[in-house]
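Novice: Sharing a structure, written as structure tokens. Questions coming.
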There are 4 protein chains.
Amino acid sequence: MALSGALRPGLLQLRVLDLQAAKTQYIDRIGLQFVGEDGDGRIYLKAYDEFERHCLVPREADEAGCDFMAFRVASAADLDSFEKRVSDYGYGVDHVPAGEQPGVGRRIGFMLPSGHRIELHADIDMAVRHPPATNPDIWDEEPRGMGAIRLDHALLYGPNIDEVQDFFEKALDFRCAEKVALPDGMLATWLTCGTKAHDIAFVRHTEPGKFHHASFYLEDWSAVGHAADLIARYNISLDIGPTRHGITRGTTIYFFDPSGNRNEVFSGGYTYYPTDPTRIWNEQELGKGIFYYEKAMNERFLTVVT
Amino acid sequence: MALSGALRPGLLQLRVLDLQAAKTQYIDRIGLQFVGEDGDGRIYLKAYDEFERHCLVPREADEAGCDFMAFRVASAADLDSFEKRVSDYGYGVDHVPAGEQPGVGRRIGFMLPSGHRIELHADIDMAVRHPPATNPDIWDEEPRGMGAIRLDHALLYGPNIDEVQDFFEKALDFRCAEKVALPDGMLATWLTCGTKAHDIAFVRHTEPGKFHHASFYLEDWSAVGHAADLIARYNISLDIGPTRHGITRGTTIYFFDPSGNRNEVFSGGYTYYPTDPTRIWNEQELGKGIFYYEKAMNERFLTVVT
Amino acid sequence: MALSGALRPGLLQLRVLDLQAAKTQYIDRIGLQFVGEDGDGRIYLKAYDEFERHCLVPREADEAGCDFMAFRVASAADLDSFEKRVSDYGYGVDHVPAGEQPGVGRRIGFMLPSGHRIELHADIDMAVRHPPATNPDIWDEEPRGMGAIRLDHALLYGPNIDEVQDFFEKALDFRCAEKVALPDGMLATWLTCGTKAHDIAFVRHTEPGKFHHASFYLEDWSAVGHAADLIARYNISLDIGPTRHGITRGTTIYFFDPSGNRNEVFSGGYTYYPTDPTRIWNEQELGKGIFYYEKAMNERFLTVVT
Amino acid sequence: MALSGALRPGLLQLRVLDLQAAKTQYIDRIGLQFVGEDGDGRIYLKAYDEFERHCLVPREADEAGCDFMAFRVASAADLDSFEKRVSDYGYGVDHVPAGEQPGVGRRIGFMLPSGHRIELHADIDMAVRHPPATNPDIWDEEPRGMGAIRLDHALLYGPNIDEVQDFFEKALDFRCAEKVALPDGMLATWLTCGTKAHDIAFVRHTEPGKFHHASFYLEDWSAVGHAADLIARYNISLDIGPTRHGITRGTTIYFFDPSGNRNEVFSGGYTYYPTDPTRIWNEQELGKGIFYYEKAMNERFLTVVT
């Protein structure tokens with residue numbers, strides 16, 4: 001494949017009520033590495049297996065939620081091309097100068113009709129503690145806690161997700177790996193820019209701009225079980241799991257950070273190829289799609305967002 | 001990413017001495033599904049999680065080895081484009097008509113300077129027993145044996161692998177995820193057309209056209225352990241493992257089919273992004289690169305090829 | 001240790017509404033082996049890793065539930081000794097002649113004040129398909145379905161469990177590995193005759209003689225996940241899981257057979273030594289004790305028994 | 001079962017050349033907890049899931065090896081009874097006063113004809129950091145490194161192992177779970193005092209008093225894989241693995257401490273009941289018995305002892 005265009009979720013700026021509590025959650029429990037903090041209330045974190053300087057940026061705020069999600073694109077030319085395509089699609093594009101986050105090059109940003117801000121950037125410094133690349137050991141520093149491998153995807157709640165899907169497909173070359181088709185329209189869509197089952201997903205919701213969860217990738221089902229042990233042992237607020245999704249087929253556990261933002265750690269899921277059909281779920285089997293074992297959603301999973 | 005061009009290894013035609021013995025190995029043990037056989041001594045097999053009609057084609061012959069490996073490309077336009085780019089690179093391209101393998105569209109083929117035949121095709125029928133796509137269960141038929149998920153990659157031995165790498169990069173848009181750099185030149189290269197650590201790999205070898213192994217993807221380290229149990233229980237000839245590669249970081253076990261062709265089943269391995277550096281191995285750490293636990297190669301792994 | 005006295009749960013005779021449906025559940029899904037059936041509506045099943053002829057005896061009946069649970073004791077002398085000790089404790093002992101179940105020697109039986117029938121036997125034929133004992137492979141026949149290794153324990157609901165515990169300790173040399181102490185008395189007790197965290201357990205319940213679940217041992221957490229997949233894929237009625245118990249620390253999943261009898265498959269749990277303290281749970285932490293991840297019981301788990 | 005007599009391996013005093021290096025191996029890598037050190041060159045370590053004060057006692061010495069292995073017995077009465085039975089068997093018994101190791105009660109000791117010192121003790125303090133026993137979490141302190149759960153068994157090399165087996169069976173109530181029968185006599189025997197496949201094992205060897213390995217129990221095959229990663233990453237000297245034994249069926253990895261003492265971490269293995277037959281291995285299948293996957297021993301495994 002020509003590995004161009006949007007590569008992967010690169011940055012997620014998250015609003016938290018208490019930075020210290022966020023450090024415990026994301027560093028000690030989920031296992032991210034601390035990269036640094038600037039003076040303006042943001043901390044910079046990365047997963048041990050990512051080359052990029054940072055991926056998660058908790059920012060102290062009065063209200064939990066997600067400021068924006070940014071995708072890394074393969075080149076500056078791709079960034080320019082996407083700017084034009086996003087504008088052509090009809091969305092206003094603004095510019096974030098290089099250095100607004102330390103080590104990150106210029107970004108472009110735009111609002112989705114679901115009320116979410118998406119950004120794109122081509123340049124970010126390589127992390128000081130990047131995965132070894134010469135005679136590489138499997139890791140340099142022993143992973144801690146849940147051992148998160150990478151920031152994987154986010155799920156966002158808001159209106160107009162049919163248009164959102166159309167936009168991601170037409171302007172950003174994403175594909176729809178799965179979707180939920182209800183009699184009154186699409187309830188949810190899982191969009192991928194690569195061969196993962198999803199890099200971002202949207203659920204239809206009346207209130208715009210809501211954040212459902214950020215997800216981190218783990219090695220396997222054993223690691224999901226270990227995460228469950230840590231969640232229980234450290235009295236982290238559990239949402240649901242360990243379980244499996246029918247949709248994406250990932251094995252998963254959901255929990256909350258101390259500010260009420262939902263986190264997921266998961267493993268597995270199929271490999272998606274663009275020659276694969278979009279998987280379709282309908283109303284009567286939806287419970288199985290969301291939670292394959294329970295075959296029903298919990299109310300909290302549908303309604304609690306930040 | 002724009003998911004165009006070469007997508008994944010799609011077909012591997014393998015010479016075996018005894019079709020019946022090959023069925024036991026690839027169906028009962030590795031866990032492929034039997035798709036069909038034509039009258040000319042070939043059988044068609046697929047992994048349970050592949051949408052394509054078949055991926056592995058054992059062919060009865062007097063000598064073991066690999067006839068060719070074919071990559072599926074995203075579209076007929078890509079196939080035409082690659083035909084021109086391969087020709088422009090200087091390699092002669094021949095045509096295999098649609099239907100030469102049942103359900104497979106027209107293919108183009110060419111010889112590498114390593115002595116291997118590579119093919120490309122855009123069209124192949126969807127399997128009758130394809131993964132469910134409407135309210136999909138995790139699988140339809142209970143996976144058997146080792147539970148192979150997909151044909152993943154092959155490793156080939158031959159001369160001129162510097163040129164081979166250059167060709168894959170320039171004509172087919174592959175990238176080099178890892179390589180072994182010896183004082184006298186490159187010993188080996190791992191090439192990817194997507195985000196896997198490798199879709200095909202080459203090791204420098206004087207004799208051209210040799211086949212080292214075909215590899216099938218498993219769920220996780222537990223599945224690798226289960227594969228080891230099956231190999232031992234059924235007296236399948238073991239090469240090495242369960243172990244881990246430093247290169248690609250996959251957890252793995254190697255064994256032979258009854259004709260002497262080497263098989264691998266593996267799991268894990270990192271996700272490769274084109275913004276990642278190529279991982280480089282040098283002479284003194286090469287043992288660790290090949291077998292991360294043993295830190296040394298066995299002679300058989302280096303010399304026994306078909 | 002002097003391995004004398006009660007060794008392990010040996011027989012469980014279960015009432016089912018439909019023998020054919022029970023075969024699907026216990027053989028195809030849980031993975032027991034079919035041993036045989038006699039003409040009187042009973043089938044005999046065993047786990048692949050048990051030496052004894054059979055362990056589970058589904059019997060067709062109008063109502064689900066458990067007829068009795070039998071412990072195998074180490075010798076005929078132990079059987080005689082226990083007969084005297086049970087009588088001395090004040091319980092009436094009856095005799096079941098050898099051959100009442102095919103291949104099983106004479107049994108003694110008695111009623112607990114919880115309303116459950118317990119039996120003891122010293123002799124049972126070695127299974128035809130017993131685990132190999134000369135140059136043994138890890139198994140002879142490839143385990144199927146969930147791959148149950150052995151019948152492990154049962155949980156029973158009924159009144160007077162303080163006396164039941166006293167009886168098991170004094171008359172049968174069991175020990176209490178864990179118990180739940182509520183302000184109004186003991187709610188539950190986990191009793192072991194060896195080094196497992198439990199061989200039998202009791203929960204206080206007004207109605208006597210009720211059956212909560214029979215449990216089968218699996219290899220590990222990966223096997224519990226595989227069991228969850230099978231339960232979901234084959235639409236077996238799930239109770240709860242995969243999860244972990246605080247009590248016994250086992251990782252587990254609960255589900256129902258087609259007659260409504262609850263089954264458990266689980267793995268792990270600590271090793272109990274008689275020098276270990278009894279673990280005590282009190283009211284406020286009981287949820288964590290039952291389901292360590294959810295930290296709360298579901299109503300069904302407390303009330304649905306057969 | 002009447003849980004009396006010898007319960008489990010309780011103490012292993014090991015000679016190491018460098019205490020500091022031993023700390024790194026046994027605490028940081030294998031994951032034992034540091035309990036304390038006295039002034040006489042010994043350190044006291046325990047596994048996180050053991051109630052006893054300590055289990056492993058590395059002692060600085062000029063030569064590696066094992067000073068003695070001690071079994072904990074259930075009561076002082078058992079200790080007295082065993083003293084008489086050992087004497088009656090014809091072995092001289094000496095006494096080690098309470099407090100010779102801090103927190104350990106009086107011990108009795110004797111020499112086996114294989115040249116190994118075995119001890120028995122009934123009393124040892126409960127560890128300060130013992131597993132929680134009131135509303136217990138799965139662990140109190142997050143396990144580190146390989147996460148060793150308990151000291152499990154040792155394998156010793158020496159002459160006269162037929163007599164050693166006879167002694168363990170007759171004087172200490174152990175049972176032989178497996179043995180290797182060669183044309184010229186027994187090569188090896190696996191002896192259990194409970195329901196584990198072995199608590200101690202002996203291999204025939206001309207030189208008396210040799211130590212092959214001490215083994216620590218891990219959760220499962222995933223934990224064995226994680227141990228392999230740590231061994232490789234920290235350049236610990238690997239012997240063999242990850243692999244599986246045919247004998248005991250445990251999944252395992254062997255490596256050396258910095259003094260040359262062999263360590264094992266393993267998981268699984270069957271549950272042994274005294275009604276099970278002793279498993280017998282003969283010469284032609286012995287390789288499979290030792291290493292089930294490789295079906296052959298490495299020379300080092302047979303000859304390198306301390």
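Labeling convention for the structure tokens: chains A, B, ... as they appear, residues from 1 per chain, ligands from 1 in order of appearance.
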Give me the residues of chain D that have any atom at most 8 Å from an atom of chain C; for each, the nearest atom pair and the distance in Å, rounded to one decimal. Use only C-alpha atoms, sort by chain and number, and format it as JSON lines.
Specialist:
```
{"residue": "D:Met1", "atom": "CA", "partner": "C:Gly5", "partner_atom": "CA", "distance": 4.6}
{"residue": "D:Ala2", "atom": "CA", "partner": "C:Asp173", "partner_atom": "CA", "distance": 5.8}
{"residue": "D:Leu3", "atom": "CA", "partner": "C:Met1", "partner_atom": "CA", "distance": 5.8}
{"residue": "D:Ser4", "atom": "CA", "partner": "C:Met1", "partner_atom": "CA", "distance": 5.2}
{"residue": "D:Gly5", "atom": "CA", "partner": "C:Met1", "partner_atom": "CA", "distance": 4.6}
{"residue": "D:Ala6", "atom": "CA", "partner": "C:Met1", "partner_atom": "CA", "distance": 4.9}
{"residue": "D:Leu7", "atom": "CA", "partner": "C:Met1", "partner_atom": "CA", "distance": 5.5}
{"residue": "D:Phe51", "atom": "CA", "partner": "C:Asp276", "partner_atom": "CA", "distance": 6.8}
{"residue": "D:Ala74", "atom": "CA", "partner": "C:Thr275", "partner_atom": "CA", "distance": 6.8}
{"residue": "D:Ala133", "atom": "CA", "partner": "C:Arg279", "partner_atom": "CA", "distance": 4.5}
{"residue": "D:Thr134", "atom": "CA", "partner": "C:Ile280", "partner_atom": "CA", "distance": 4.9}
{"residue": "D:Asn135", "atom": "CA", "partner": "C:Trp281", "partner_atom": "CA", "distance": 4.7}
{"residue": "D:Pro136", "atom": "CA", "partner": "C:Gly246", "partner_atom": "CA", "distance": 7.0}
{"residue": "D:Asp137", "atom": "CA", "partner": "C:Gly246", "partner_atom": "CA", "distance": 6.7}
{"residue": "D:Ile138", "atom": "CA", "partner": "C:Arg249", "partner_atom": "CA", "distance": 6.5}
{"residue": "D:Asp173", "atom": "CA", "partner": "C:Ala2", "partner_atom": "CA", "distance": 5.8}
{"residue": "D:Phe174", "atom": "CA", "partner": "C:Met1", "partner_atom": "CA", "distance": 7.1}
{"residue": "D:Cys193", "atom": "CA", "partner": "C:Met1", "partner_atom": "CA", "distance": 4.9}
{"residue": "D:Gly194", "atom": "CA", "partner": "C:Met1", "partner_atom": "CA", "distance": 5.5}
{"residue": "D:Thr195", "atom": "CA", "partner": "C:Thr195", "partner_atom": "CA", "distance": 7.3}
{"residue": "D:Glu219", "atom": "CA", "partner": "C:Gly268", "partner_atom": "CA", "distance": 7.5}
{"residue": "D:Asp220", "atom": "CA", "partner": "C:Asp220", "partner_atom": "CA", "distance": 6.4}
{"residue": "D:Gly246", "atom": "CA", "partner": "C:Asp137", "partner_atom": "CA", "distance": 6.7}
{"residue": "D:Ile247", "atom": "CA", "partner": "C:Pro136", "partner_atom": "CA", "distance": 8.0}
{"residue": "D:Arg249", "atom": "CA", "partner": "C:Ile138", "partner_atom": "CA", "distance": 6.6}
{"residue": "D:Gly268", "atom": "CA", "partner": "C:Glu219", "partner_atom": "CA", "distance": 7.4}
{"residue": "D:Tyr273", "atom": "CA", "partner": "C:Leu7", "partner_atom": "CA", "distance": 7.2}
{"residue": "D:Pro274", "atom": "CA", "partner": "C:Leu3", "partner_atom": "CA", "distance": 6.4}
{"residue": "D:Thr275", "atom": "CA", "partner": "C:Ala74", "partner_atom": "CA", "distance": 6.8}
{"residue": "D:Asp276", "atom": "CA", "partner": "C:Phe51", "partner_atom": "CA", "distance": 6.7}
{"residue": "D:Pro277", "atom": "CA", "partner": "C:Ala133", "partner_atom": "CA", "distance": 7.0}
{"residue": "D:Thr278", "atom": "CA", "partner": "C:Ala133", "partner_atom": "CA", "distance": 7.1}
{"residue": "D:Arg279", "atom": "CA", "partner": "C:Ala133", "partner_atom": "CA", "distance": 4.5}
{"residue": "D:Ile280", "atom": "CA", "partner": "C:Thr134", "partner_atom": "CA", "distance": 4.9}
{"residue": "D:Trp281", "atom": "CA", "partner": "C:Asn135", "partner_atom": "CA", "distance": 4.7}
{"residue": "D:Asn282", "atom": "CA", "partner": "C:Asn135", "partner_atom": "CA", "distance": 6.8}
{"residue": "D:Glu285", "atom": "CA", "partner": "C:Asn135", "partner_atom": "CA", "distance": 6.2}
{"residue": "D:Leu286", "atom": "CA", "partner": "C:Asn135", "partner_atom": "CA", "distance": 7.7}
{"residue": "D:Gly289", "atom": "CA", "partner": "C:Asn135", "partner_atom": "CA", "distance": 6.9}
```
Novice: Can you tell me how far CA of Phe202 (chain A) sits from CA of Gln25 (chain A), in Å to one decimal?
Specialist: 24.8 Å
Novice: Hey, what's within 10 Å of Ala61 (chain B) if we count only C-alpha atoms and toss same-chain stuff fewer than 6 positions away? As a PDB file with N, CA, C and O atoms, in the first residue's frame, please?
Specialist:
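Written out: selection_18.pdb:
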```
ATOM      1  N   LEU B  14       2.488 -23.731  -3.503  1.00  0.00           N
ATOM      2  CA  LEU B  14       3.550 -24.474  -2.834  1.00  0.00           C
ATOM      3  C   LEU B  14       3.660 -25.866  -3.445  1.00  0.00           C
ATOM      4  O   LEU B  14       2.650 -26.531  -3.649  1.00  0.00           O
ATOM      5  N   ARG B  15       4.878 -26.317  -3.722  1.00  0.00           N
ATOM      6  CA  ARG B  15       5.059 -27.679  -4.234  1.00  0.00           C
ATOM      7  C   ARG B  15       5.179 -28.654  -3.065  1.00  0.00           C
ATOM      8  O   ARG B  15       6.001 -28.443  -2.168  1.00  0.00           O
ATOM      9  N   VAL B  16       4.350 -29.682  -3.111  1.00  0.00           N
ATOM     10  CA  VAL B  16       4.418 -30.703  -2.066  1.00  0.00           C
ATOM     11  C   VAL B  16       4.523 -32.068  -2.718  1.00  0.00           C
ATOM     12  O   VAL B  16       4.082 -32.276  -3.851  1.00  0.00           O
ATOM     13  N   LEU B  17       5.078 -33.014  -1.973  1.00  0.00           N
ATOM     14  CA  LEU B  17       5.309 -34.346  -2.544  1.00  0.00           C
ATOM     15  C   LEU B  17       4.071 -35.222  -2.437  1.00  0.00           C
ATOM     16  O   LEU B  17       3.943 -36.197  -3.181  1.00  0.00           O
ATOM     17  N   ASP B  18       3.180 -34.860  -1.527  1.00  0.00           N
ATOM     18  CA  ASP B  18       2.044 -35.740  -1.241  1.00  0.00           C
ATOM     19  C   ASP B  18       0.875 -34.866  -0.802  1.00  0.00           C
ATOM     20  O   ASP B  18       0.892 -34.281   0.279  1.00  0.00           O
ATOM     21  N   LEU B  19      -0.132 -34.805  -1.635  1.00  0.00           N
ATOM     22  CA  LEU B  19      -1.261 -33.909  -1.347  1.00  0.00           C
ATOM     23  C   LEU B  19      -2.010 -34.323  -0.086  1.00  0.00           C
ATOM     24  O   LEU B  19      -2.501 -33.480   0.671  1.00  0.00           O
ATOM     25  N   GLY B  41      -4.034 -31.587  -9.761  1.00  0.00           N
ATOM     26  CA  GLY B  41      -3.063 -31.786  -8.687  1.00  0.00           C
ATOM     27  C   GLY B  41      -2.876 -30.609  -7.756  1.00  0.00           C
ATOM     28  O   GLY B  41      -1.918 -30.559  -7.002  1.00  0.00           O
ATOM     29  N   ARG B  42      -3.789 -29.667  -7.769  1.00  0.00           N
ATOM     30  CA  ARG B  42      -3.703 -28.559  -6.818  1.00  0.00           C
ATOM     31  C   ARG B  42      -4.904 -28.581  -5.871  1.00  0.00           C
ATOM     32  O   ARG B  42      -6.009 -28.932  -6.290  1.00  0.00           O
ATOM     33  N   SER B 259       6.543 -32.499   3.280  1.00  0.00           N
ATOM     34  CA  SER B 259       7.406 -32.425   2.095  1.00  0.00           C
ATOM     35  C   SER B 259       8.711 -31.705   2.383  1.00  0.00           C
ATOM     36  O   SER B 259       9.566 -31.602   1.502  1.00  0.00           O
TER      37      SER B 259
END
```
Novice: With a distance cut-off of 8 Å and only C-alpha atoms, select the neighbouring residues of Pro242 (chain D), excluding the residue or stretch itself and same-chain residues fewer than 2 positions from it, and output the selection as a list in words.
Specialist: Gly241, Pro242 and Thr243 of chain B; Val224, Gly225, Ala228, Ile240, Arg244, Thr251, Thr252, Ile253 and Tyr254 of chain D
Novice: Which residues are near region 89-95 of chain D? Cut-off 10 Å, only C-alpha atoms, ignore same chain within fewer than 5 positions. Put them as a VMD selection string.
Specialist: chain D and resid 83 to 84 106 to 113 119 to 120 166 to 167 170 to 171
Novice: So which residues touch Gly10 (chain D) within 8 Å, counting only C-alpha atoms, skipping near sequence neighbours fewer than 2 positions away, as a CSV table (one decimal) with C-alpha atoms, in the first residue's frame?
Specialist:
```
chain,number,residue,atom,x,y,z
D,8,ARG,CA,5.5,-28.2,50.9
D,12,LEU,CA,16.0,-23.4,50.4
D,55,CYS,CA,11.5,-19.3,51.6
D,69,MET,CA,16.1,-27.9,51.4
D,70,ALA,CA,13.5,-27.9,54.1
D,71,PHE,CA,9.9,-29.1,54.1
D,72,ARG,CA,7.4,-27.5,56.3
D,151,LEU,CA,8.9,-21.6,45.8
```
Novice: Quick one: residues within 9 Å of Leu155 (chain A), only C-alpha atoms counted, chain neighbours fewer than 2 positions away excluded, as a list in words?
Specialist: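 Contacts, in chain order: His153, Tyr157, Trp190, Asp199, Ile200, Ala201, Phe202, Val203, Phe211, His212, His213, Ala214 and Ser215 of chain A.
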